[in-house]
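Note sheet for the following structure.
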Amino acid sequence: MNIPEQLRYAASHEWSLVEGDTATVGITDHAQAELTDVVFVELPKVGQKIEAGKGCAVVESVKAASDVNAPLSGEVTAVNDEVVANPALVNTDPYGKGWFFKMKLSNPSEIENLKTAGAYRTLIGK
Amino acid sequence: MMSSLRTTPLHAAHMAAGARMVEFGGWDMPVQYSSILKEHAAVRTAAGLFDISHMGEIRVKGPDAVSFLNSSLTNNASKIAVNGSQYSMLLDEKGGVVDDLFVYRTSDDDFLLVVNASHIEEDFGLLKSLKRGRVELDDESGETVALALQGPASPAILDRWIPGASSQLGHHQIKSFPWDLGTAWIARTGYTGEDGFEILCSDPAAPLMWTSLLELGESSGLLPCGLGARDTLRMEVCYPLNGHELGPDITPLEAGIGFAVDFTKSDFRGKAALMAQKAAGVPRKAVALLAKPGGAPPRAGYPVLRDGKAIGKLTSGVLSPTLQAGIGLALVDTSHAAVGNSVDIEIRGKYVPASIVKKPIYRKTS
């Protein structure tokens, strides 16, 4: 299971790459493996205010729809149109081309609430 | 909880193959081995092998078997030739569907009913209570291994296992064939809309059929397939699934499977209620929906609207792997059920445009 060291993780299986007061967000390798074939991704809109721990996107496998939570609070600054057009990128490259959105953080101290790679590995038991 | 689930004789083989398991009708079954999309594509373009041993097999035997089946089930058993088969239903007195099933005639007075896994006890109990005349009923579900070999490459794969078998089986026919380690009943039936076979065997070596067929089919692209692909395949061809398109609150007339009801029979369970509904008019109809590409996947339970007004609900839905568009089966008010009507499927508060289309949604072109 790929769990990159430089990322931070929410218990609901979203990753965040934090750079200053911005973050790039996606779902983890573990999440995509549990979901199986991703066939649909619904992203928030650019400019949308999102709140840590609240649903802000939807990812759907053949069999089920799952909410994706905002790992941090802030405003959406960019969304990945490529993953909307080709949802299988979530399966093949969850930390790369399968990213969901970028955001400007309104409360960077929330980063402390996210897990390190080691803590996330423990959480999923891998 | 897991320990209370029932398992098929192939359970160990599924675990060894790395299958992802799910609970289905009280059984611990593979939902996928590799990927639902890959398994779906294999069945449409090559072949897939499904473990359907969870399904029930009820033997009905004796000189009065035909009249017993005719009084119990909706379809006309006297129309089934020896080695033939027929789709039929067991109703309750109100005309609701207890179960849909396949009736195979293996000899003049010997029939095999293949029923849904979650309804084996209910069907068997009900049939026993309806028993009349010289008829014996046996629940053979426990000892039977059942496989479905489905897809265009199925005949070639079957023939590698039992030379010449495929050409001896016409559409919907069933015959018995000896193989190395036993005798199998093989029917040219299935639940995918593709050519294919359902294979039943109760001999001790029956589980070995699974690995044999997988080996023999490998060069043709045969994949082991789980319930996930089984569900997406049947939705594309609009086959009903009990608990979704069928149930105690849905009659065969509403479900659009009146073809499996023979009203000319003197009586059958549920007939009076169905006749009354037919006379009064069927309030709801099962329709097939094809959504505009690009929308979120339709799912069971989503509302269906016409001109902003609710007209029904989806009973099943999925993003069709073959058509790459949302598809659904829905029960809607009869007045809005015409093929060609434009409707909307409400998905998380958004309207996704769709049309009511002719069944099946997907039809094989070759």
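By order in the structure tokens, chains are A, B, ...; within a chain, residues start at 1; ligands start at 1, following the order shown.
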Expected answer as a PDB file with C-alpha atoms, in the first residue's frame: chain B residues within 7 Å of chain A, only C-alpha atoms:
```
ATOM      1  CA  SER B  35     -12.403  -5.749 -11.548  1.00  0.00           C
ATOM      2  CA  ALA B 296     -23.669  10.560 -12.190  1.00  0.00           C
ATOM      3  CA  VAL B 318     -25.661   1.678 -12.873  1.00  0.00           C
ATOM      4  CA  LEU B 319     -23.263   3.394 -15.216  1.00  0.00           C
TER       5      LEU B 319
END
```
Neighbour list for A:Gly26 as a VMD selection string, cut-off 7 Å, only C-alpha atoms, skip fewer than 2 positions in-chain: chain A and resid 14 to 16 28 94 to 95 98 to 100
Spatial neighbours of B:Gly133, max dist 9 Å, only C-alpha atoms, sep filter under 4 positions, as a count of residues only: 6
Taking the DSSP secondary structure from the backbone, can you list the residues of stretch 18-56 of chain B that are helix (DSSP H, G or I), as a PDB file with N, CA and C atoms, in the first residue's frame?
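Output file out.pdb is given in full below:
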```pdb
ATOM      1  N   ILE B  36     -14.788  -5.362 -11.669  1.00  0.00           N
ATOM      2  CA  ILE B  36     -16.129  -5.557 -12.244  1.00  0.00           C
ATOM      3  C   ILE B  36     -16.125  -5.169 -13.719  1.00  0.00           C
ATOM      4  N   LEU B  37     -15.426  -4.078 -14.051  1.00  0.00           N
ATOM      5  CA  LEU B  37     -15.413  -3.619 -15.445  1.00  0.00           C
ATOM      6  C   LEU B  37     -14.713  -4.616 -16.358  1.00  0.00           C
ATOM      7  N   LYS B  38     -13.595  -5.183 -15.880  1.00  0.00           N
ATOM      8  CA  LYS B  38     -12.871  -6.177 -16.700  1.00  0.00           C
ATOM      9  C   LYS B  38     -13.698  -7.448 -16.854  1.00  0.00           C
ATOM     10  N   GLU B  39     -14.348  -7.858 -15.763  1.00  0.00           N
ATOM     11  CA  GLU B  39     -15.137  -9.090 -15.813  1.00  0.00           C
ATOM     12  C   GLU B  39     -16.361  -8.899 -16.715  1.00  0.00           C
ATOM     13  N   HIS B  40     -16.975  -7.720 -16.627  1.00  0.00           N
ATOM     14  CA  HIS B  40     -18.114  -7.385 -17.492  1.00  0.00           C
ATOM     15  C   HIS B  40     -17.689  -7.458 -18.964  1.00  0.00           C
ATOM     16  N   ALA B  41     -16.550  -6.826 -19.273  1.00  0.00           N
ATOM     17  CA  ALA B  41     -16.066  -6.801 -20.659  1.00  0.00           C
ATOM     18  C   ALA B  41     -15.722  -8.207 -21.138  1.00  0.00           C
ATOM     19  N   ALA B  42     -15.169  -9.029 -20.251  1.00  0.00           N
ATOM     20  CA  ALA B  42     -14.823 -10.404 -20.641  1.00  0.00           C
ATOM     21  C   ALA B  42     -16.072 -11.148 -21.104  1.00  0.00           C
ATOM     22  N   VAL B  43     -17.184 -10.975 -20.381  1.00  0.00           N
ATOM     23  CA  VAL B  43     -18.412 -11.688 -20.750  1.00  0.00           C
ATOM     24  C   VAL B  43     -18.977 -11.158 -22.075  1.00  0.00           C
ATOM     25  N   ARG B  44     -18.875  -9.857 -22.312  1.00  0.00           N
ATOM     26  CA  ARG B  44     -19.403  -9.295 -23.563  1.00  0.00           C
ATOM     27  C   ARG B  44     -18.521  -9.646 -24.775  1.00  0.00           C
ATOM     28  N   THR B  45     -17.213  -9.843 -24.555  1.00  0.00           N
ATOM     29  CA  THR B  45     -16.324 -10.019 -25.710  1.00  0.00           C
ATOM     30  C   THR B  45     -15.675 -11.395 -25.772  1.00  0.00           C
TER      31      THR B  45
END
```
Shell of 12 Å around stretch 103-112 of chain B, only C-alpha atoms, local chain residues under 2 positions omitted, as a ChimeraX atom specification: /B:56-70,73-90,100-101,114-115,134-141,144,172-176,184-189,198,200,260
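One finds atom CA of B:His244 at 7.9 Å from atom CA of B:Ala300.
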Straight-line distance linking atom CA of B:Ile327 with atom CA of B:Leu305, stated in Å to one decimal: 15.0 Å
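Here the question is which of B:Tyr191, B:Phe268, B:Phe197, B:Trp27 gets nearest to B:Asp231 using only C-alpha atoms, and that residue is B:Tyr191.
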A:Glu5 environment, 8 Å, only C-alpha atoms, sequence neighbours closer than 2 positions dropped, as a PyMOL selection string: chain A and resi 3+7+116-118
Surrounding residues of A:Lys126 excluding itself and chain neighbours under 5 positions, 12 Å, only C-alpha atoms, as JSON, numbers by chain: {"A": [1, 2, 3, 29, 30, 117, 118, 119, 120, 121]}
Long-range neighbours of B:Ser316 as a ChimeraX atom specification, 10 Å cut-off, only C-alpha atoms, 2 positions minimum in chain: /B:231-232,235,238,240-241,243-245,288,298-302,313-314,318,327-331
Would you mind exporting C-alpha atoms of the selected residues as a CSV table (one decimal), in the first residue's frame?
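This went into selection.csv:
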```csv
chain,number,residue,atom,x,y,z
B,231,ASP,CA,-25.5,-7.5,-11.8
B,232,THR,CA,-24.2,-5.0,-14.4
B,235,MET,CA,-29.2,-4.7,-15.9
B,238,CYS,CA,-33.1,-5.7,-18.3
B,240,PRO,CA,-35.3,-8.5,-13.3
B,241,LEU,CA,-33.7,-9.3,-9.9
B,243,GLY,CA,-35.8,-7.8,-4.4
B,244,HIS,CA,-35.4,-5.0,-6.9
B,245,GLU,CA,-37.7,-5.4,-10.0
B,288,ALA,CA,-35.9,0.9,-18.9
B,298,PRO,CA,-28.2,6.1,-11.5
B,299,ARG,CA,-28.9,3.9,-8.5
B,300,ALA,CA,-31.8,2.0,-6.9
B,301,GLY,CA,-34.1,4.3,-5.0
B,302,TYR,CA,-33.5,7.5,-7.0
B,313,LYS,CA,-38.4,5.3,-8.6
B,314,LEU,CA,-35.4,3.4,-9.9
B,318,VAL,CA,-25.7,1.7,-12.9
B,327,ILE,CA,-29.0,3.1,-17.2
B,328,GLY,CA,-31.8,2.2,-14.9
B,329,LEU,CA,-34.8,0.1,-14.4
B,330,ALA,CA,-37.7,1.9,-12.8
B,331,LEU,CA,-41.3,1.5,-11.8
```
